[in-house]
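**Q** Contents are TSV, C-alpha atoms; file name protein-v9.tsv:
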```
chain	number	residue	atom	x	y	z
P	1	MET	CA	54.27	84.63	138.00
P	2	PRO	CA	56.99	82.09	137.07
P	3	GLN	CA	56.69	80.57	133.60
P	4	GLY	CA	57.13	76.78	133.51
P	5	ASP	CA	57.44	74.39	130.59
P	6	TYR	CA	53.74	73.52	130.82
P	7	ILE	CA	53.23	73.62	127.04
P	8	GLU	CA	55.94	71.01	126.45
P	9	LEU	CA	54.56	68.96	129.35
P	10	HIS	CA	51.05	69.04	127.87
P	11	GLN	CA	52.39	68.00	124.46
P	12	LYS	CA	54.23	65.07	126.06
P	13	ARG	CA	51.13	63.90	127.91
P	14	HIS	CA	48.40	64.46	125.32
P	15	GLY	CA	50.26	64.78	121.99
P	16	TYR	CA	49.90	67.49	119.32
P	17	ARG	CA	46.90	68.82	117.41
P	18	PHE	CA	46.02	66.62	114.45
P	19	ASP	CA	47.13	69.33	111.97
P	20	HIS	CA	50.09	70.64	114.03
P	21	PHE	CA	52.88	69.54	111.67
P	22	GLU	CA	51.03	70.73	108.57
P	23	ARG	CA	50.52	74.17	110.15
P	24	GLU	CA	54.19	74.26	111.16
P	25	ARG	CA	55.27	73.40	107.59
P	26	LYS	CA	53.08	76.17	106.18
P	27	ARG	CA	54.37	78.69	108.72
P	28	ILE	CA	57.98	77.93	107.72
P	29	ALA	CA	57.04	78.16	104.02
P	30	ARG	CA	55.47	81.63	104.61
P	31	GLU	CA	58.58	82.93	106.37
P	32	PRO	CA	60.59	83.97	103.24
P	33	HIS	CA	57.56	85.87	101.85
P	34	LYS	CA	57.09	87.72	105.14
P	35	ARG	CA	60.79	88.60	105.20
P	36	SER	CA	60.74	89.95	101.66
P	37	GLN	CA	57.61	92.00	102.36
P	38	TYR	CA	59.21	93.54	105.44
P	39	ALA	CA	62.44	94.23	103.53
P	40	LYS	CA	60.44	96.11	100.87
P	41	LYS	CA	58.51	98.18	103.42
P	42	ALA	CA	61.33	98.96	105.87
P	43	LEU	CA	62.69	102.46	105.33
P	44	GLY	CA	65.54	104.53	106.73
P	45	ILE	CA	67.72	103.20	109.53
P	46	LYS	CA	65.43	100.20	110.13
P	47	GLY	CA	65.80	99.13	106.50
P	48	LYS	CA	69.58	99.54	106.65
P	49	LEU	CA	69.88	97.53	109.86
P	50	TYR	CA	67.63	94.78	108.49
P	51	ALA	CA	69.62	94.60	105.22
P	52	LYS	CA	72.87	94.38	107.18
P	53	LYS	CA	71.47	91.57	109.35
P	54	ARG	CA	70.22	89.59	106.33
P	55	TYR	CA	73.54	90.09	104.54
P	56	ALA	CA	75.43	88.66	107.53
P	57	GLU	CA	73.04	85.68	107.70
P	58	LYS	CA	73.43	84.92	103.99
P	59	ALA	CA	77.22	85.22	104.15
P	60	GLN	CA	77.30	82.79	107.09
P	61	MET	CA	75.01	80.38	105.21
P	62	LYS	CA	77.26	80.48	102.12
P	63	LYS	CA	80.35	79.82	104.27
P	64	THR	CA	78.66	76.83	105.92
P	65	LEU	CA	77.58	75.39	102.56
P	66	LYS	CA	81.08	75.85	101.13
P	67	MET	CA	82.60	74.14	104.15
P	68	HIS	CA	80.26	71.16	103.74
P	69	GLU	CA	81.08	70.96	100.02
P	70	GLU	CA	84.81	70.83	100.78
P	71	SER	CA	84.34	68.19	103.47
P	72	SER	CA	82.21	66.07	101.11
P	73	SER	CA	84.97	66.21	98.50
P	74	ARG	CA	87.09	63.95	100.70
P	75	ARG	CA	86.81	60.45	99.37
P	76	LYS	CA	88.32	57.06	99.98
P	77	VAL	CA	91.22	55.98	97.82
P	78	ASP	CA	90.70	52.75	95.93
P	79	ASP	CA	92.17	49.97	97.96
P	80	GLU	CA	95.64	49.30	96.67
P	81	VAL	CA	97.13	45.86	96.79
P	82	HIS	CA	100.17	46.04	99.06
P	83	GLU	CA	103.05	43.64	98.66
P	84	GLY	CA	103.91	42.09	101.97
P	85	ALA	CA	102.41	42.73	105.38
P	86	ILE	CA	101.00	46.10	106.52
P	87	PRO	CA	102.21	47.35	109.93
P	88	SER	CA	99.61	47.17	112.70
P	89	TYR	CA	99.51	50.98	113.15
P	90	LEU	CA	98.41	51.36	109.50
P	91	LEU	CA	95.59	48.79	109.59
P	92	ASP	CA	92.95	51.09	111.13
P	93	ARG	CA	94.05	54.22	109.30
P	94	GLU	CA	91.84	55.30	106.41
P	95	GLN	CA	93.82	56.58	103.49
P	96	THR	CA	92.06	59.64	102.16
P	97	THR	CA	92.86	62.11	99.45
P	98	ARG	CA	91.84	65.71	98.97
P	99	ALA	CA	89.94	66.55	95.81
P	100	LYS	CA	91.69	69.92	95.71
P	101	ILE	CA	95.39	70.45	96.31
P	102	ILE	CA	95.82	73.89	97.85
P	103	SER	CA	99.14	75.44	96.97
P	104	ASN	CA	101.36	77.11	99.57
P	105	SER	CA	100.79	80.56	98.12
P	106	ILE	CA	96.98	80.27	98.54
P	107	LYS	CA	97.48	79.03	102.12
P	108	GLN	CA	99.73	82.00	102.79
P	109	LYS	CA	97.13	84.40	101.37
P	110	ARG	CA	94.40	82.87	103.53
P	111	LYS	CA	96.66	83.15	106.57
P	112	GLU	CA	97.33	86.80	105.83
P	113	LYS	CA	93.61	87.45	105.33
P	114	ALA	CA	92.87	85.91	108.72
P	115	GLY	CA	95.61	88.04	110.23
P	116	LYS	CA	97.65	85.13	111.60
P	117	TRP	CA	101.42	85.43	111.44
P	118	GLU	CA	104.30	83.97	113.39
P	119	VAL	CA	105.38	87.26	114.89
P	120	PRO	CA	108.32	88.23	117.12
P	121	LEU	CA	105.96	89.82	119.70
P	122	PRO	CA	102.83	87.60	119.98
P	123	LYS	CA	101.51	89.54	123.02
P	124	VAL	CA	101.67	93.29	123.65
P	125	ARG	CA	100.32	95.61	126.33
P	126	PRO	CA	96.92	97.02	125.32
P	127	VAL	CA	96.83	100.82	125.00
P	128	ALA	CA	93.96	102.58	126.79
P	129	GLU	CA	91.80	105.05	124.89
P	130	ASP	CA	92.73	107.87	127.30
P	131	GLU	CA	96.40	107.25	126.51
P	132	MET	CA	95.80	107.07	122.75
P	133	PHE	CA	93.60	110.18	122.40
P	134	ARG	CA	93.57	113.63	123.96
P	135	VAL	CA	90.22	115.45	124.12
P	136	ILE	CA	90.16	118.74	122.19
P	137	ARG	CA	87.58	121.28	123.37
P	138	THR	CA	85.98	123.43	120.65
P	139	GLY	CA	83.31	126.07	120.32
P	140	LYS	CA	83.10	129.63	121.60
P	141	ARG	CA	82.71	128.51	125.24
P	142	LYS	CA	84.93	125.40	124.80
P	143	THR	CA	82.01	123.17	125.72
P	144	ARG	CA	82.12	120.76	122.77
P	145	GLN	CA	84.33	117.72	123.26
P	146	TRP	CA	83.90	115.62	120.11
P	147	LYS	CA	87.40	116.11	118.67
P	148	ARG	CA	90.34	113.85	119.52
P	149	MET	CA	94.08	114.39	119.05
P	150	ILE	CA	96.09	111.19	118.49
P	151	THR	CA	99.10	111.14	120.84
P	152	LYS	CA	100.84	108.18	119.14
P	153	VAL	CA	102.87	107.89	115.95
P	154	THR	CA	100.74	107.61	112.80
P	155	PHE	CA	101.30	106.82	109.15
P	156	VAL	CA	99.42	108.53	106.34
P	157	GLY	CA	99.99	108.00	102.61
P	158	PRO	CA	101.77	110.50	100.36
P	159	SER	CA	98.45	111.67	98.88
P	160	PHE	CA	96.87	112.36	102.31
P	161	THR	CA	94.89	115.59	102.64
P	162	ARG	CA	93.41	116.76	105.94
P	163	LYS	CA	89.70	117.37	106.21
P	164	PRO	CA	88.53	120.93	106.92
P	165	PRO	CA	88.97	121.64	110.69
P	166	LYS	CA	85.20	121.94	111.09
P	167	TYR	CA	84.71	118.27	110.11
P	168	GLU	CA	87.96	116.65	111.31
P	169	ARG	CA	87.21	114.38	114.28
P	170	PHE	CA	90.62	112.67	114.64
P	171	ILE	CA	93.62	115.00	114.39
P	172	ARG	CA	96.92	113.35	113.41
P	173	PRO	CA	99.75	115.80	114.27
P	174	SER	CA	102.26	116.21	111.41
P	175	GLY	CA	105.15	115.97	113.91
P	176	LEU	CA	104.11	112.38	114.72
P	177	ARG	CA	103.69	111.20	111.11
P	178	PHE	CA	106.52	108.87	110.08
P	179	PRO	CA	106.98	107.82	106.41
P	180	LYS	CA	109.92	105.39	107.00
P	181	ALA	CA	110.90	102.61	109.39
P	182	HIS	CA	114.15	100.87	110.44
P	183	VAL	CA	113.46	97.28	109.44
P	184	THR	CA	115.74	94.41	110.51
P	185	HIS	CA	115.97	91.26	108.38
P	186	PRO	CA	116.14	88.35	110.88
P	187	GLU	CA	118.15	86.06	108.56
P	188	LEU	CA	120.54	88.64	107.08
P	189	LYS	CA	120.97	90.34	110.49
P	190	CYS	CA	120.97	93.71	108.71
P	191	THR	CA	118.82	96.81	109.25
P	192	PHE	CA	117.43	98.88	106.37
P	193	ASN	CA	115.63	102.23	106.32
P	194	LEU	CA	112.53	101.35	104.26
P	195	GLU	CA	109.44	103.28	103.22
P	196	ILE	CA	106.15	102.31	104.85
P	197	ILE	CA	103.36	101.34	102.42
P	198	GLY	CA	100.57	101.05	104.99
P	199	VAL	CA	99.43	99.84	108.42
P	200	LYS	CA	98.08	96.32	108.10
P	201	LYS	CA	96.92	95.59	111.65
P	202	ASN	CA	97.11	97.35	114.99
P	203	PRO	CA	96.68	94.91	117.92
P	204	ASN	CA	94.52	97.44	119.79
P	205	GLY	CA	91.66	97.28	117.28
P	206	PRO	CA	90.50	97.88	113.70
P	207	MET	CA	89.78	101.58	114.33
P	208	TYR	CA	93.46	102.25	115.06
P	209	SER	CA	94.45	100.24	111.97
P	210	SER	CA	92.22	102.40	109.76
P	211	LEU	CA	93.60	105.59	111.36
P	212	GLY	CA	97.16	104.38	110.67
P	213	VAL	CA	98.26	104.44	114.33
P	214	VAL	CA	101.65	102.73	114.88
P	215	THR	CA	102.22	101.30	118.37
P	216	LYS	CA	104.31	98.40	119.69
P	217	GLY	CA	103.26	95.14	118.02
P	218	THR	CA	101.64	96.78	114.97
P	219	ILE	CA	101.99	94.95	111.63
P	220	ILE	CA	103.11	97.38	108.91
P	221	GLU	CA	103.74	96.83	105.21
P	222	VAL	CA	107.11	98.08	103.97
P	223	ASN	CA	108.61	98.55	100.50
P	224	VAL	CA	111.39	95.93	100.15
P	225	SER	CA	112.19	96.53	96.47
P	226	GLU	CA	115.67	97.80	97.49
P	227	LEU	CA	116.53	94.43	99.07
P	228	GLY	CA	116.08	92.59	95.76
P	229	LEU	CA	113.94	89.78	97.19
P	230	VAL	CA	112.37	87.42	94.63
P	231	THR	CA	109.66	84.76	94.77
P	232	PRO	CA	110.29	81.10	93.77
P	233	ALA	CA	108.72	82.00	90.38
P	234	GLY	CA	111.35	84.73	89.89
P	235	LYS	CA	109.11	87.78	90.46
P	236	VAL	CA	110.40	90.74	92.44
P	237	VAL	CA	108.79	91.20	95.87
P	238	TRP	CA	107.67	94.80	96.43
P	239	GLY	CA	105.88	94.76	99.76
P	240	LYS	CA	106.43	92.66	102.86
P	241	TYR	CA	105.04	92.77	106.39
P	242	ALA	CA	107.04	93.74	109.47
P	243	GLN	CA	106.18	94.01	113.17
P	244	VAL	CA	107.02	97.12	115.19
P	245	THR	CA	109.19	96.19	118.20
P	246	ASN	CA	109.61	99.54	119.99
P	247	ASN	CA	107.45	102.41	121.25
P	248	PRO	CA	107.87	104.93	118.38
P	249	GLU	CA	106.39	107.89	120.30
P	250	ASN	CA	109.19	107.53	122.93
P	251	ASP	CA	112.13	106.75	120.60
P	252	GLY	CA	111.35	109.12	117.74
P	253	CYS	CA	111.71	106.35	115.14
P	254	ILE	CA	109.99	103.12	114.11
P	255	ASN	CA	112.00	99.91	114.63
P	256	ALA	CA	110.54	96.74	113.12
P	257	VAL	CA	111.42	93.11	112.33
P	258	LEU	CA	110.64	91.71	108.89
P	259	LEU	CA	108.25	88.73	108.87
P	260	VAL	CA	109.82	86.10	106.61
```
Would you mind writing the file out in structure tokens?
**A**
Amino acid sequence: MPQGDYIELHQKRHGYRFDHFERERKRIAREPHKRSQYAKKALGIKGKLYAKKRYAEKAQMKKTLKMHEESSSRRKVDDEVHEGAIPSYLLDREQTTRAKIISNSIKQKRKEKAGKWEVPLPKVRPVAEDEMFRVIRTGKRKTRQWKRMITKVTFVGPSFTRKPPKYERFIRPSGLRFPKAHVTHPELKCTFNLEIIGVKKNPNGPMYSSLGVVTKGTIIEVNVSELGLVTPAGKVVWGKYAQVTNNPENDGCINAVLLV
């Protein structure tokens, strides 16, 4: 039986119950109490999922409130008395000022956090999961297929220790682990062999970034202390980001361009 909007139609024609809005107000007021009661009672996976959902909701609410606070901090400048005539294109323009002046370094940090850079390779070919992983069969009859061998170049830190084979799901072959990269400075037009600090972002997904997989287009962090780069404040720059421009598994080395 098709459901129509007969309730809304009835409300339009005959109005609401006399206490409708009061009941609605009370129902909304009861909502937080019901939520807290459920949160206390929920156990196990249900409790975890509910807590995760509420955390996401609260984080979103805080972001929205913060955004509104920033937008409300914009205010009109006191009208200044201009000498002479104002051009016609300035008559309708409201002169506003920001309550907070955000410095370039903070903007840069925000940009890095969002993962937005002006990169040499903005688009790269996505790598399929079958190409990235090879299924390893285990067990006496070779029937279990939960292990995966990574077929691409990976980076692991100097203090990396493998898990016991019984628990290791993703195997990173030692022959495909590269500690250094050939990094080209675009302004100096020179190439340096620099140590890799970590994998910042793999364009194929966050899982590959956490595994340290290095494919074409990956953003890596390299140690540039040898180059003697300094900030405007005079501090030495240790780490900088670079984008991989080749297919390391084919070439046997990592070539990258420094992001300046």
**Q** Just to confirm, what's the straight-line distance from atom CA of P:Ala29 to atom CA of P:Arg13 in Å (one decimal)?
**A**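 That distance, rounded to one decimal, is 28.4 Å.
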**Q** Within 10 Å of P:Ile136, counting all atoms listed in the file, which residues qualify if same-chain residues fewer than 4 places away don't, as an MDAnalysis selection string?
**A** chainID P and resid 142:149 169:171
**Q** Pick the closest to P:Pro32 from P:Lys62, P:Arg54, P:Lys109, P:Lys166: which is it, counting all atoms listed in the file?
**A**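 Among P:Lys62, P:Arg54, P:Lys109, P:Lys166, it is P:Arg54 that comes nearest to P:Pro32.
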**Q** Could you name the residues that touch stretch 173-179 of chain P at 9 Å or less, counting all atoms listed in the file, but leaving out those on the same chain fewer than 5 positions away, as a list of chain:residue names?
**A**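 Answer for this query is P:Met149, P:Ile150, P:Thr151, P:Lys152, P:Val153, P:Thr154, P:Phe155, P:Val156, P:Gly157, P:Pro158, P:Leu194, P:Glu195, P:Ile196, P:Ile197, P:Glu249, P:Gly252, P:Cys253, P:Ile254.
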**Q** Expressed in Å to a single decimal, how great is the separation between atom CA of P:Lys201 and atom CA of P:Gly217?
**A** 9.0 Å
**Q** Rounded to one decimal place, report the atom CA of P:Met61-atom CA of P:Ser36 distance in Å.
**A**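 Those two atoms sit 17.5 Å apart.
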**Q** Which of these residues is nearest to P:Gly212, using all atoms listed in the file: P:Lys200, P:Arg162, P:Lys41, P:His14?
**A** P:Lys200
